[in-house]
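Everything below concerns the one structure shown next.
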Amino acid sequence: MVRSQALMDMTIGKFAATGKVGVETIRFYQRKGLLRTPKRLEGGRRYGSEDVRRLLFIKQAQSAGFTLEEIRELLHLDASDDRERAREAARARLAALNERIAELNKAREALERLIGECASGKKGPCPILASFGL
């Protein structure tokens, strides 16, 4: 069997393994409308190369920080030529990531300060625990 034929006849288990996700993840994405649910053929559902492409798209978008709802919109945009909307979605995601990075930097700085205060050798409760309300 040639590779393209193999990709047109995958069980859900092989499809999930190809995308390095679990079968339940595939089913979850199907319930969310991100992946199609193929019709049953000869005792099971079969997945093909377009399904793999879509699954890999979802995973890449997730790694870029997009939510499943945002990914749904990107998938709709993938079927169109609306580059402006795709660019705007990416800009919005980038802004949210930058905001989150700023929050994480502040948290890191606060934790570094608390670690330094805790190591200073003073007596009494550790400032780390005190700052968390213990």
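Convention: chains lettered A, B, ... in structure tokens order; per-chain residue numbering from 1; ligands numbered from 1 as shown.
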Could you please write out, as an MDAnalysis selection string, every residue of stretch 25-128 of chain A that DSSP assigns to alpha helix (DSSP H)?
-> chainID A and resid 25:31 49:63 68:78 83:118 127:128
Write out as a list in words all residues of stretch 28-130 of chain A that DSSP puts in strand (DSSP E) for this structure's backbone.
->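 Restricting stretch 28-130 of chain A to strand (DSSP E) produces Arg40, Leu41, Gly44 and Arg45 of chain A.
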List the neighbours of A:Asp51 out to 9 Å using only C-alpha atoms; skip same-chain residues closer than 4 positions along the sequence, and give me the result as a PyMOL selection string.
-> chain A and resi 15+35-36+47+55-56
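In this comparison, which uses only C-alpha atoms, the residue of A:Leu94, A:Pro38, A:Glu24, A:Gly13 approaching A:Phe66 most closely is A:Leu94.
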Contact residues around A:Arg27 with only C-alpha atoms at 10 Å, ignoring same-chain residues under 4 positions, as a VMD selection string | chain A and resid 12 16 22 to 23 31 to 37
One-decimal distance in Å that lies between atom CA of A:Thr11 and atom CA of A:Arg45 | 6.3 Å
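Proximity to A:Glu117 was assessed for A:Leu68, A:Lys14, A:Ser131, A:Arg85 counting only C-alpha atoms; the smallest distance is recorded for A:Ser131.
Distance-wise, atom CA of A:Ala96 and atom CA of A:Glu109 end up 20.1 Å apart.
Ranking A:Leu104, A:Leu41, A:Ala89, A:Leu74 by their shortest atom-to-atom distance to A:Phe57, with only C-alpha atoms included, puts A:Leu74 first.
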Can you list, as a ChimeraX atom specification, every protein, DNA or RNA residue that comes within 12 Å of A:Leu97 when you count only C-alpha atoms, leaving out same-chain residues fewer than 4 positions away?
-> /A:63-67,90-93,101-104
Can you work out the spacing between atom CA of A:Phe132 and atom CA of A:Ala107 in Å, to one decimal?
->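 Distance reported for this atom pair: 12.8 Å.
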